[in-house]
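entry36.txt (compact mmCIF, C-alpha atoms)
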# COMPACT_ATOMS: atom_id res chain seq x y z
CA MET A 1 27.44 -32.56 24.62
CA ASN A 2 23.80 -33.42 23.88
CA THR A 3 22.73 -30.37 25.90
CA ILE A 4 24.87 -28.08 23.77
CA SER A 5 23.44 -29.59 20.60
CA SER A 6 19.88 -29.14 21.90
CA ILE A 7 20.50 -25.49 22.82
CA LEU A 8 22.03 -24.76 19.41
CA LYS A 9 18.99 -26.28 17.67
CA GLU A 10 16.70 -24.16 19.86
CA MET A 11 18.67 -21.01 19.02
CA GLN A 12 18.58 -21.69 15.30
CA THR A 13 14.81 -22.23 15.36
CA VAL A 14 14.08 -19.15 17.48
CA CYS A 15 16.45 -16.81 15.65
CA MET A 16 15.29 -17.86 12.19
CA ASP A 17 11.65 -17.24 13.18
CA VAL A 18 12.24 -13.53 13.86
CA ASN A 19 10.25 -11.28 11.53
CA SER A 20 12.67 -10.08 8.82
CA GLU A 21 11.02 -6.63 8.55
CA GLU A 22 11.43 -6.04 12.28
CA TYR A 23 15.05 -7.20 12.10
CA ASP A 24 15.76 -4.95 9.10
CA SER A 25 14.22 -1.96 10.90
CA PHE A 26 16.61 -2.61 13.81
CA VAL A 27 19.59 -2.76 11.43
CA GLN A 28 18.51 0.57 9.90
CA LEU A 29 18.11 2.10 13.36
CA LEU A 30 21.67 1.08 14.25
CA LYS A 31 22.96 2.88 11.15
CA GLU A 32 21.61 6.21 12.37
CA ASP A 33 23.95 8.88 13.71
CA ARG A 34 22.26 9.32 17.08
CA ARG A 35 22.97 8.59 20.72
CA PHE A 36 21.95 5.10 21.86
CA PHE A 37 20.83 4.21 25.39
CA PHE A 38 20.34 0.62 26.58
CA THR A 39 18.35 -0.81 29.47
CA GLY A 40 17.16 -4.17 30.77
CA GLU A 41 16.77 -5.96 34.09
CA GLY A 42 18.57 -9.07 35.34
CA ARG A 43 20.23 -11.21 32.68
CA SER A 44 18.56 -9.12 29.98
CA GLY A 45 20.39 -6.15 31.48
CA PHE A 46 23.71 -7.97 31.12
CA VAL A 47 22.88 -8.71 27.48
CA ALA A 48 21.97 -5.04 26.98
CA LYS A 49 25.37 -4.01 28.37
CA ALA A 50 27.20 -6.49 26.11
CA ILE A 51 25.40 -5.17 23.03
CA ALA A 52 25.95 -1.56 24.12
CA MET A 53 29.67 -2.29 24.30
CA ARG A 54 29.70 -3.86 20.84
CA LEU A 55 27.81 -0.91 19.36
CA MET A 56 30.30 1.48 20.99
CA HIS A 57 33.11 -0.44 19.24
CA SER A 58 31.43 0.46 15.95
CA GLY A 59 31.92 4.15 16.71
CA LYS A 60 28.47 5.02 18.04
CA MET A 61 27.80 7.18 21.11
CA VAL A 62 26.39 4.62 23.56
CA TYR A 63 25.21 4.71 27.17
CA VAL A 64 23.74 2.24 29.66
CA VAL A 65 20.82 3.51 31.75
CA GLY A 66 21.72 3.65 35.43
CA GLU A 67 25.48 4.05 35.03
CA THR A 68 26.99 7.07 36.77
CA THR A 69 28.32 8.60 33.54
CA THR A 70 25.07 8.28 31.57
CA PRO A 71 23.69 11.71 30.58
CA ALA A 72 20.04 12.71 30.34
CA ILE A 73 18.22 11.21 27.38
CA GLN A 74 16.99 13.83 24.93
CA GLU A 75 14.99 14.37 21.80
CA ASN A 76 16.35 12.35 18.86
CA ASP A 77 18.13 9.84 21.12
CA ILE A 78 17.27 6.13 20.92
CA LEU A 79 16.46 3.91 23.90
CA ILE A 80 16.80 0.17 23.29
CA VAL A 81 14.93 -1.86 25.91
CA LEU A 82 15.37 -5.58 26.53
CA SER A 83 12.48 -7.27 28.31
CA GLY A 84 11.57 -10.87 27.66
CA SER A 85 8.10 -10.46 29.11
CA GLY A 86 7.62 -6.92 27.83
CA LYS A 87 5.99 -6.23 31.19
CA THR A 88 8.92 -5.44 33.48
CA ALA A 89 7.75 -2.41 35.45
CA GLN A 90 11.08 -0.59 35.54
CA ALA A 91 11.71 -1.13 31.81
CA LEU A 92 8.26 0.20 30.95
CA ASN A 93 8.67 3.19 33.28
CA ILE A 94 12.04 4.07 31.72
CA SER A 95 10.51 3.64 28.25
CA GLU A 96 7.65 6.03 29.00
CA ARG A 97 10.01 8.63 30.46
CA ALA A 98 12.33 8.38 27.44
CA HIS A 99 9.36 8.83 25.11
CA ARG A 100 8.23 11.92 27.02
CA SER A 101 11.76 13.31 26.55
CA GLY A 102 11.41 12.96 22.80
CA ALA A 103 13.55 9.83 22.38
CA ALA A 104 12.61 6.91 20.16
CA VAL A 105 11.98 3.72 22.14
CA PHE A 106 12.77 0.36 20.53
CA MET A 107 12.01 -2.87 22.44
CA ILE A 108 13.44 -6.36 22.07
CA THR A 109 10.87 -8.74 23.61
CA THR A 110 8.78 -11.89 23.22
CA ASN A 111 5.59 -9.91 23.78
CA GLU A 112 3.87 -8.64 20.61
CA GLU A 113 1.43 -6.56 22.69
CA ALA A 114 4.30 -4.64 24.32
CA LEU A 115 5.44 -3.48 20.89
CA GLN A 116 2.02 -1.86 20.39
CA LEU A 117 2.26 0.35 23.49
CA PRO A 118 1.82 4.03 22.57
CA PHE A 119 5.32 4.99 23.70
CA MET A 120 7.08 2.35 21.56
CA SER A 121 8.60 3.49 18.28
CA GLY A 122 9.32 -0.05 17.14
CA GLY A 123 10.83 -3.32 18.14
CA VAL A 124 11.72 -6.90 17.44
CA ARG A 125 9.64 -9.75 18.76
CA ILE A 126 11.74 -12.80 19.46
CA PRO A 127 9.58 -15.96 19.51
CA ALA A 128 11.40 -17.46 22.51
CA ALA A 129 10.36 -19.08 25.77
CA THR A 130 10.22 -16.87 28.86
CA LYS A 131 10.41 -17.72 32.53
CA TYR A 132 6.59 -17.80 32.57
CA ARG A 133 6.21 -20.60 30.00
CA HIS A 134 3.04 -19.18 28.44
CA GLU A 135 1.01 -21.27 26.05
CA GLY A 136 2.40 -20.98 22.54
CA GLU A 137 6.01 -20.40 23.63
CA PRO A 138 8.53 -22.81 22.13
CA LYS A 139 9.73 -25.77 24.10
CA THR A 140 13.11 -25.45 25.74
CA ILE A 141 15.41 -27.53 27.90
CA GLN A 142 16.76 -24.31 29.40
CA PRO A 143 15.60 -22.71 32.65
CA LEU A 144 13.88 -19.35 33.08
CA GLY A 145 14.51 -16.80 30.31
CA ASN A 146 17.74 -18.32 28.99
CA GLN A 147 16.29 -18.90 25.53
CA PHE A 148 15.20 -15.27 25.17
CA ASP A 149 18.44 -13.78 26.51
CA GLN A 150 20.63 -15.96 24.28
CA ALA A 151 18.53 -15.26 21.20
CA ALA A 152 18.45 -11.52 21.95
CA HIS A 153 22.25 -11.45 22.17
CA LEU A 154 22.69 -13.33 18.88
CA ILE A 155 20.08 -11.30 17.00
CA MET A 156 21.32 -7.91 18.19
CA ASP A 157 24.96 -8.81 17.58
CA ALA A 158 24.05 -9.93 14.05
CA ALA A 159 22.15 -6.67 13.50
CA ILE A 160 25.24 -4.68 14.49
CA ILE A 161 27.34 -6.71 12.05
CA ASP A 162 24.75 -6.09 9.31
CA SER A 163 24.70 -2.37 10.15
CA LEU A 164 28.45 -2.29 9.52
CA ALA A 165 28.34 -4.27 6.29
CA GLU A 166 29.47 -1.30 4.25
CA GLY A 167 32.34 -0.37 6.44
CA LYS A 168 34.41 -1.01 9.46
CA THR A 169 37.06 -3.67 9.59
CA ASN A 170 38.01 -5.71 12.63
CA GLU A 171 41.09 -3.53 13.02
CA GLU A 172 38.98 -0.35 13.13
CA LEU A 173 36.70 -1.90 15.75
CA ARG A 174 39.69 -3.09 17.78
CA LYS A 175 40.91 0.51 18.08
CA LYS A 176 37.81 1.23 20.20
CA HIS A 177 38.36 -1.85 22.39
CA SER A 178 39.59 -1.34 25.93
CA ASN A 179 43.39 -1.04 26.10
CA LEU A 180 43.92 -0.47 29.83
CA GLU A 181 44.35 -4.08 30.89
What does this structure look like when you write it as C-alpha cells?
Amino acid sequence: MNTISSILKEMQTVCMDVNSEEYDSFVQLLKEDRRFFFTGEGRSGFVAKAIAMRLMHSGKMVYVVGETTTPAIQENDILIVLSGSGKTAQALNISERAHRSGAAVFMITTNEEALQLPFMSGGVRIPAATKYRHEGEPKTIQPLGNQFDQAAHLIMDAAIIDSLAEGKTNEELRKKHSNLE
C-alpha cells in the first residue's frame, strides 16, 4: 500500500504543476466543433486511445491515427499527439504531415522545446519524469515513462470533463458507450 500512496503523491505534485494557461487552452480546444485525431507510441498510444474514446463519448468526431477506419486528416482538423520525450520520430513525422494538411497540431509532452516546433499549434507540458531521467525531472519510484503516461491520462480526462462543464450528463455520455457486449 505504500507504493500506491507514493504514486498518488507523485501524481498530485506533477498534475498540479501543469501550467494553467496551457491546460485552459486544451479545454477550449476540446470545446471546438472539429474532427479530432489522436496519436502516440507505446503506452502513450494506449493513453491516446483511451482519451479518444472518452472524447467520442462526449459527442465529438474522433479518430485514432493508424486505425483502418481513420480518414485523411484535413484543414481545420485537430491532431493531438502524446509523446513524453517530444522527440519520438513517428509522432513528429505525423505532426509535420498533419500541419502540412492544414490541421492544428497540439502536443502533450514533458519537452518544452517540442512545443516550440514550427508545426505545433499548441500544447501542454507535463512536468513528469520520462524513461530518460533527464536532469531536472521529478523523482519517481515508477519505471520508464509511467509518471508521464499516468499524468497525461489524468490531465486530459480532467480537461474533457471541464470542456463538458456546461452540458452533458452521465446518461447522455452513456448513450455513446459501446452496447454490443
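Here atom CA of Ile141 of chain A stands at a distance of 14.2 Å from atom CA of Gln12 of chain A.
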request  = Do a neighbour search on Ala152 of chain A at 8 Å with all atoms listed in the file, toss out local chain neighbours closer than 2 positions, and write the hits as an NGL selection string.
outcome  = :A and (47 or 108 or 126 or 148-150 or 154-156)
key: Coordinates-based distance that separates atom CA of Leu79 of chain A from atom CA of Val14 of chain A (Å, one decimal)   =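 A separation of 24.1 Å between them.
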inquiry  = Which residues are near Thr70 of chain A? Cut-off 12 Å, only C-alpha atoms, ignore same chain within fewer than 5 positions. Put them as a count of residues only.
reply    = 10
request  = Tell me which of A:Gln90, A:Thr13, A:Tyr132, A:Pro118 sits closest to Ala104 of chain A, counting only C-alpha atoms.
outcome  = A:Pro118
query = Which is closer to Asp24 of chain A than all the others in A:Gly66, A:Gly59, A:Gly122, A:Gly42, using all atoms listed in the file?
reply =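 Checking each candidate against Asp24 of chain A, we get A:Gly122 as the closest.
In terms of minimum interatomic distance to Asn19 of chain A, A:Arg125 ranks closest within A:Arg125, A:His99, A:Arg34, A:His134, counting only C-alpha atoms.
Using all atoms listed in the file, the smallest distance between any of A:Ala72, A:Leu30, A:Ala48, A:Ala128 and Leu144 of chain A comes from A:Ala128.
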task = Name the closest residue to Pro138 of chain A among the candidates A:Leu164, A:Val105, A:Met11, A:Ala89; distances are taken between atoms, counting all atoms listed in the file.
result = A:Met11
Selection as an MDAnalysis selection string: residues within 9 Å of (15.2, 9.8, 13.1), counting all atoms listed in the file = chainID A and resid 29 32:34 76:78 104
For the residues in that selection, give me C-alpha atoms as a compact mmCIF listing (two decimals), in the coordinates of the input.
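Listed below is the output, selection15.txt:
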# COMPACT_ATOMS: atom_id res chain seq x y z
CA LEU A 29 18.11 2.10 13.36
CA GLU A 32 21.61 6.21 12.37
CA ASP A 33 23.95 8.88 13.71
CA ARG A 34 22.26 9.32 17.08
CA ASN A 76 16.35 12.35 18.86
CA ASP A 77 18.13 9.84 21.12
CA ILE A 78 17.27 6.13 20.92
CA ALA A 104 12.61 6.91 20.16
query = So which one's closest to Gly40 of chain A, A:Ser163, A:Ser83, A:Gln28, A:Asn146? Using all atoms listed in the file, please.
reply =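 The closest residue to Gly40 of chain A is A:Ser83.
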key: Coordinates-based distance that separates atom CA of Ile51 of chain A from atom CA of His153 of chain A (Å, one decimal)   =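 Interatomic distance here is 7.1 Å.
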Around all listed atoms of segment 130-135 of chain A, padded 5 Å per side, what centre and edge lengths does the axis-aligned box have in Å to one decimal, as AutoDock Vina command-line options?
--center_x 5.7 --center_y -19.1 --center_z 29.3 --size_x 19.4 --size_y 14.4 --size_z 16.5
key: Polymer residues at most 8 Å from Gly86 of chain A, all atoms listed in the file, same-chain spacing of 5 or more positions, as a ChimeraX atom specification   = /A:92,109-111,114
Please, could N, CA, C and O atoms be added to segment 33-56 of chain A and the result written as a PDB file, in the frame of the given file?
ATOM      1  N   ASP A  33      22.944   8.116  12.963  1.00  0.00           N
ATOM      2  CA  ASP A  33      23.950   8.880  13.710  1.00  0.00           C
ATOM      3  C   ASP A  33      23.261   9.590  14.869  1.00  0.00           C
ATOM      4  O   ASP A  33      22.970  10.790  14.799  1.00  0.00           O
ATOM      5  N   ARG A  34      22.951   8.813  15.900  1.00  0.00           N
ATOM      6  CA  ARG A  34      22.260   9.320  17.080  1.00  0.00           C
ATOM      7  C   ARG A  34      22.901   8.697  18.319  1.00  0.00           C
ATOM      8  O   ARG A  34      23.699   7.786  18.227  1.00  0.00           O
ATOM      9  N   ARG A  35      22.505   9.185  19.467  1.00  0.00           N
ATOM     10  CA  ARG A  35      22.970   8.590  20.720  1.00  0.00           C
ATOM     11  C   ARG A  35      22.058   7.411  21.068  1.00  0.00           C
ATOM     12  O   ARG A  35      20.837   7.506  20.947  1.00  0.00           O
ATOM     13  N   PHE A  36      22.677   6.314  21.513  1.00  0.00           N
ATOM     14  CA  PHE A  36      21.950   5.100  21.860  1.00  0.00           C
ATOM     15  C   PHE A  36      22.048   4.849  23.361  1.00  0.00           C
ATOM     16  O   PHE A  36      23.133   4.896  23.932  1.00  0.00           O
ATOM     17  N   PHE A  37      20.907   4.559  23.979  1.00  0.00           N
ATOM     18  CA  PHE A  37      20.830   4.210  25.390  1.00  0.00           C
ATOM     19  C   PHE A  37      20.262   2.800  25.486  1.00  0.00           C
ATOM     20  O   PHE A  37      19.342   2.442  24.749  1.00  0.00           O
ATOM     21  N   PHE A  38      20.793   2.001  26.402  1.00  0.00           N
ATOM     22  CA  PHE A  38      20.340   0.620  26.580  1.00  0.00           C
ATOM     23  C   PHE A  38      19.868   0.396  28.000  1.00  0.00           C
ATOM     24  O   PHE A  38      20.461   0.920  28.948  1.00  0.00           O
ATOM     25  N   THR A  39      18.815  -0.429  28.143  1.00  0.00           N
ATOM     26  CA  THR A  39      18.350  -0.810  29.470  1.00  0.00           C
ATOM     27  C   THR A  39      17.742  -2.208  29.437  1.00  0.00           C
ATOM     28  O   THR A  39      17.273  -2.672  28.393  1.00  0.00           O
ATOM     29  N   GLY A  40      17.753  -2.849  30.571  1.00  0.00           N
ATOM     30  CA  GLY A  40      17.160  -4.170  30.770  1.00  0.00           C
ATOM     31  C   GLY A  40      17.408  -4.572  32.214  1.00  0.00           C
ATOM     32  O   GLY A  40      18.310  -4.040  32.860  1.00  0.00           O
ATOM     33  N   GLU A  41      16.628  -5.497  32.705  1.00  0.00           N
ATOM     34  CA  GLU A  41      16.770  -5.960  34.090  1.00  0.00           C
ATOM     35  C   GLU A  41      17.347  -7.377  34.102  1.00  0.00           C
ATOM     36  O   GLU A  41      17.132  -8.160  33.175  1.00  0.00           O
ATOM     37  N   GLY A  42      18.046  -7.723  35.167  1.00  0.00           N
ATOM     38  CA  GLY A  42      18.570  -9.070  35.340  1.00  0.00           C
ATOM     39  C   GLY A  42      19.521  -9.474  34.224  1.00  0.00           C
ATOM     40  O   GLY A  42      20.341  -8.678  33.773  1.00  0.00           O
ATOM     41  N   ARG A  43      19.365 -10.718  33.764  1.00  0.00           N
ATOM     42  CA  ARG A  43      20.230 -11.210  32.680  1.00  0.00           C
ATOM     43  C   ARG A  43      20.023 -10.407  31.407  1.00  0.00           C
ATOM     44  O   ARG A  43      20.971 -10.176  30.656  1.00  0.00           O
ATOM     45  N   SER A  44      18.810  -9.966  31.156  1.00  0.00           N
ATOM     46  CA  SER A  44      18.560  -9.120  29.980  1.00  0.00           C
ATOM     47  C   SER A  44      19.378  -7.834  30.073  1.00  0.00           C
ATOM     48  O   SER A  44      19.840  -7.302  29.063  1.00  0.00           O
ATOM     49  N   GLY A  45      19.563  -7.329  31.281  1.00  0.00           N
ATOM     50  CA  GLY A  45      20.390  -6.150  31.480  1.00  0.00           C
ATOM     51  C   GLY A  45      21.848  -6.407  31.139  1.00  0.00           C
ATOM     52  O   GLY A  45      22.526  -5.543  30.565  1.00  0.00           O
ATOM     53  N   PHE A  46      22.331  -7.613  31.480  1.00  0.00           N
ATOM     54  CA  PHE A  46      23.710  -7.970  31.120  1.00  0.00           C
ATOM     55  C   PHE A  46      23.857  -8.069  29.599  1.00  0.00           C
ATOM     56  O   PHE A  46      24.856  -7.628  29.032  1.00  0.00           O
ATOM     57  N   VAL A  47      22.853  -8.637  28.936  1.00  0.00           N
ATOM     58  CA  VAL A  47      22.880  -8.710  27.480  1.00  0.00           C
ATOM     59  C   VAL A  47      22.864  -7.300  26.890  1.00  0.00           C
ATOM     60  O   VAL A  47      23.615  -6.994  25.957  1.00  0.00           O
ATOM     61  N   ALA A  48      22.033  -6.426  27.450  1.00  0.00           N
ATOM     62  CA  ALA A  48      21.970  -5.040  26.980  1.00  0.00           C
ATOM     63  C   ALA A  48      23.346  -4.375  27.086  1.00  0.00           C
ATOM     64  O   ALA A  48      23.773  -3.669  26.171  1.00  0.00           O
ATOM     65  N   LYS A  49      24.031  -4.600  28.195  1.00  0.00           N
ATOM     66  CA  LYS A  49      25.370  -4.010  28.370  1.00  0.00           C
ATOM     67  C   LYS A  49      26.361  -4.572  27.347  1.00  0.00           C
ATOM     68  O   LYS A  49      27.189  -3.832  26.800  1.00  0.00           O
ATOM     69  N   ALA A  50      26.295  -5.873  27.080  1.00  0.00           N
ATOM     70  CA  ALA A  50      27.200  -6.490  26.110  1.00  0.00           C
ATOM     71  C   ALA A  50      26.976  -5.902  24.715  1.00  0.00           C
ATOM     72  O   ALA A  50      27.934  -5.587  23.996  1.00  0.00           O
ATOM     73  N   ILE A  51      25.710  -5.720  24.349  1.00  0.00           N
ATOM     74  CA  ILE A  51      25.400  -5.170  23.030  1.00  0.00           C
ATOM     75  C   ILE A  51      25.764  -3.689  22.976  1.00  0.00           C
ATOM     76  O   ILE A  51      26.249  -3.192  21.949  1.00  0.00           O
ATOM     77  N   ALA A  52      25.550  -2.966  24.059  1.00  0.00           N
ATOM     78  CA  ALA A  52      25.950  -1.560  24.120  1.00  0.00           C
ATOM     79  C   ALA A  52      27.460  -1.435  23.871  1.00  0.00           C
ATOM     80  O   ALA A  52      27.910  -0.563  23.114  1.00  0.00           O
ATOM     81  N   MET A  53      28.228  -2.318  24.486  1.00  0.00           N
ATOM     82  CA  MET A  53      29.670  -2.290  24.300  1.00  0.00           C
ATOM     83  C   MET A  53      30.041  -2.549  22.839  1.00  0.00           C
ATOM     84  O   MET A  53      30.859  -1.843  22.251  1.00  0.00           O
ATOM     85  N   ARG A  54      29.400  -3.541  22.234  1.00  0.00           N
ATOM     86  CA  ARG A  54      29.700  -3.860  20.840  1.00  0.00           C
ATOM     87  C   ARG A  54      29.329  -2.699  19.922  1.00  0.00           C
ATOM     88  O   ARG A  54      30.068  -2.368  19.003  1.00  0.00           O
ATOM     89  N   LEU A  55      28.205  -2.049  20.185  1.00  0.00           N
ATOM     90  CA  LEU A  55      27.810  -0.910  19.360  1.00  0.00           C
ATOM     91  C   LEU A  55      28.789   0.251  19.535  1.00  0.00           C
ATOM     92  O   LEU A  55      29.115   0.945  18.571  1.00  0.00           O
ATOM     93  N   MET A  56      29.291   0.445  20.747  1.00  0.00           N
ATOM     94  CA  MET A  56      30.300   1.480  20.990  1.00  0.00           C
ATOM     95  C   MET A  56      31.556   1.181  20.160  1.00  0.00           C
ATOM     96  O   MET A  56      32.164   2.087  19.593  1.00  0.00           O
TER      97      MET A  56
END
